[in-house]
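Engineer: The file below is structure.tsv, TSV, C-alpha atoms:
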chain	number	residue	atom	x	y	z
A	151	MET	CA	6.09	-28.93	-63.23
A	152	ASN	CA	8.41	-31.80	-62.45
A	153	ILE	CA	9.83	-32.51	-58.97
A	154	LEU	CA	13.28	-32.93	-60.50
A	155	THR	CA	13.28	-29.55	-62.26
A	156	HIS	CA	11.16	-27.34	-59.99
A	157	ARG	CA	13.29	-24.81	-58.14
A	158	VAL	CA	12.82	-23.38	-54.61
A	159	TYR	CA	15.04	-20.41	-53.75
A	160	GLY	CA	17.38	-21.44	-56.50
A	161	PHE	CA	17.63	-25.12	-55.46
A	162	ARG	CA	15.92	-28.01	-57.13
A	163	LEU	CA	12.99	-29.36	-55.06
A	164	ILE	CA	14.50	-32.85	-55.01
A	165	ASP	CA	17.70	-31.42	-53.48
A	166	VAL	CA	15.69	-29.65	-50.75
A	167	ILE	CA	13.76	-32.85	-49.98
A	168	GLY	CA	17.00	-34.85	-49.90
A	169	LEU	CA	18.58	-32.34	-47.52
A	170	GLY	CA	15.51	-32.51	-45.28
A	171	VAL	CA	15.65	-36.31	-45.20
A	172	LEU	CA	19.37	-36.18	-44.47
A	173	ILE	CA	18.83	-33.77	-41.55
A	174	VAL	CA	16.07	-36.01	-40.16
A	175	LEU	CA	18.37	-39.05	-40.42
A	176	ILE	CA	21.23	-37.24	-38.72
A	177	LEU	CA	19.00	-36.09	-35.87
A	178	SER	CA	17.46	-39.53	-35.43
A	179	VAL	CA	20.89	-41.20	-35.29
A	180	TYR	CA	22.09	-38.60	-32.77
A	181	LEU	CA	18.99	-39.12	-30.65
A	182	GLY	CA	19.39	-42.90	-30.83
A	183	LYS	CA	23.02	-42.72	-29.77
A	184	THR	CA	22.15	-40.37	-26.90
A	185	ILE	CA	19.45	-42.70	-25.63
A	186	ALA	CA	21.77	-45.71	-26.01
A	187	GLY	CA	24.48	-43.87	-24.05
A	188	ARG	CA	22.05	-43.23	-21.22
A	189	GLU	CA	21.00	-46.86	-21.27
A	190	ARG	CA	24.64	-47.99	-21.14
A	191	ALA	CA	25.26	-45.69	-18.18
A	192	GLU	CA	22.20	-47.03	-16.40
A	193	ILE	CA	23.20	-50.63	-17.11
A	194	ALA	CA	26.70	-49.96	-15.78
A	195	SER	CA	25.21	-48.41	-12.65
A	196	VAL	CA	22.97	-51.42	-12.06
A	197	GLU	CA	25.90	-53.80	-12.64
A	198	ARG	CA	27.96	-51.88	-10.05
A	199	LYS	CA	25.08	-52.15	-7.59
A	200	ILE	CA	24.80	-55.89	-8.26
A	201	ALA	CA	28.53	-56.33	-7.67
A	202	ALA	CA	28.30	-54.39	-4.41
A	203	GLU	CA	25.34	-56.50	-3.29
A	204	ASN	CA	27.22	-59.70	-4.18
A	205	GLU	CA	30.13	-58.53	-2.05
A	206	ARG	CA	27.69	-57.78	0.79
A	207	VAL	CA	26.14	-61.25	0.43
A	208	ALA	CA	29.57	-62.88	0.60
A	209	LEU	CA	30.41	-60.83	3.69
A	210	LEU	CA	27.15	-61.78	5.39
A	211	GLU	CA	27.65	-65.46	4.53
A	212	ALA	CA	31.11	-65.33	6.08
A	213	GLU	CA	29.67	-63.65	9.18
A	214	VAL	CA	26.95	-66.32	9.47
A	215	ALA	CA	29.58	-69.05	9.11
A	216	HIS	CA	31.56	-67.42	11.92
A	217	LEU	CA	28.52	-66.99	14.18
A	218	GLU	CA	27.31	-70.57	13.65
A	219	ARG	CA	30.59	-72.23	14.62
A	220	PRO	CA	29.76	-74.97	17.16
A	221	ASP	CA	32.76	-74.20	19.39
A	222	ARG	CA	31.73	-70.53	19.60
A	223	ILE	CA	28.11	-71.40	20.44
A	224	GLU	CA	29.24	-73.90	23.06
A	225	SER	CA	31.55	-71.39	24.74
A	226	LEU	CA	28.77	-68.77	24.80
A	227	ALA	CA	26.27	-71.28	26.20
A	228	THR	CA	28.56	-72.44	28.98
A	229	GLY	CA	29.93	-68.99	29.77
A	230	PHE	CA	26.77	-66.90	29.90
A	231	ARG	CA	23.98	-69.35	30.66
A	232	GLY	CA	25.76	-72.19	32.42
A	233	LEU	CA	24.49	-74.65	29.83
A	234	ALA	CA	26.36	-77.80	28.88
A	235	PRO	CA	25.95	-80.59	26.35
A	236	VAL	CA	23.56	-83.39	27.36
A	237	LYS	CA	25.32	-86.19	29.15
A	238	THR	CA	24.73	-89.71	27.87
A	239	GLY	CA	23.20	-90.75	31.19
A	240	HIS	CA	20.37	-88.28	30.62
A	241	GLU	CA	19.39	-89.79	27.30
A	242	THR	CA	16.72	-92.48	26.97
A	243	THR	CA	14.79	-94.40	24.36
A	244	PRO	CA	11.08	-93.88	23.64
A	245	ASP	CA	10.30	-97.27	25.24
A	246	ARG	CA	11.84	-96.23	28.54
A	247	LEU	CA	10.13	-92.84	28.81
A	248	ALA	CA	7.31	-94.13	31.04
A	249	GLU	CA	9.84	-95.77	33.38
A	250	ALA	CA	11.89	-92.57	33.53
A	251	LEU	CA	8.73	-90.60	34.34
A	252	LYS	CA	7.82	-92.97	37.20
A	253	SER	CA	11.28	-92.82	38.69
A	254	SER	CA	11.34	-89.00	38.64
A	255	GLY	CA	8.13	-88.76	40.70
A	256	THR	CA	6.21	-86.58	38.29
A	257	GLU	CA	3.75	-89.25	37.18
A	258	LYS	CA	0.91	-88.06	39.43
A	259	THR	CA	1.25	-84.31	38.93
A	260	GLY	CA	2.33	-84.32	35.32
A	261	VAL	CA	4.59	-81.35	36.08
A	262	SER	CA	8.34	-81.58	35.94
A	263	PRO	CA	10.36	-80.36	38.99
Any chance you could put this one into structure tokens?
Structural biologist:
Amino acid sequence: MNILTHRVYGFRLIDVIGLGVLIVLILSVYLGKTIAGRERAEIASVERKIAAENERVALLEAEVAHLERPDRIESLATGFRGLAPVKTGHETTPDRLAEALKSSGTEKTGVSP
């Protein structure tokens, strides 16, 4: 009995085996393409999320740039808290700190007024 001449239901055994292999190949290719399609869809979804997050980052960076503007901070400080920039007469060098402390009268107590 030879595999090339043996018949199963009127078909040669080699033809039946070839058909089986062909069906397995077709199903495996279909399964591979289906999995690849899902992967492509998932990759596209992640790329859309990344693009949305990049847009959000750009928006937040623009908002930070707006909120950190020196003129805006200065107007808020003077308007709400009554703060102002330090005048040059209030600045001193490290060498003159002891003299400034003596002249303010806080040398003995160590507490500022």
Engineer: Quick one: everything within 12 Å of Val166 in chain A, counting all atoms listed in the file, minus sequence neighbours fewer than 6 positions away in the same chain. Send it as a PyMOL selection string.
Structural biologist: chain A and resi 153-160+172-173
Engineer: How far is it from CA of Glu197 in chain A to CA of Gly182 in chain A, in Å with one decimal?
Structural biologist: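 Straight-line distance from CA of Glu197 in chain A to CA of Gly182 in chain A works out to 22.2 Å.
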Engineer: Work out how far apart CA of His240 in chain A and CA of Lys252 in chain A are and give it in Å to one decimal.
Structural biologist: 14.9 Å
Engineer: Just the number, please: distance in Å from CA of Arg222 in chain A to CA of Val236 in chain A, one decimal.
Structural biologist: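 Those two atoms sit 17.1 Å apart.
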Engineer: Here is a test: counting all atoms listed in the file, which residue of A:Thr242, A:Pro235, A:Leu163, A:Gly170 is nearest to Ile223 in chain A?
Structural biologist: A:Pro235
Engineer: Take every atom of range 173-188 of chain A listed in the file, fit an axis-aligned box around them, add 5 Å per side, and give the centre and edge lengths in Å to one decimal as AutoDock Vina command-line options.
Structural biologist:
--center_x 20.3 --center_y -39.7 --center_z -31.4 --size_x 18.4 --size_y 21.9 --size_z 30.3
Engineer: Counting all atoms listed in the file, what is within 9 Å of Ala234 in chain A, bar same-chain residues fewer than 5 positions away, as a VMD selection string?
Structural biologist: chain A and resid 224 227 to 228
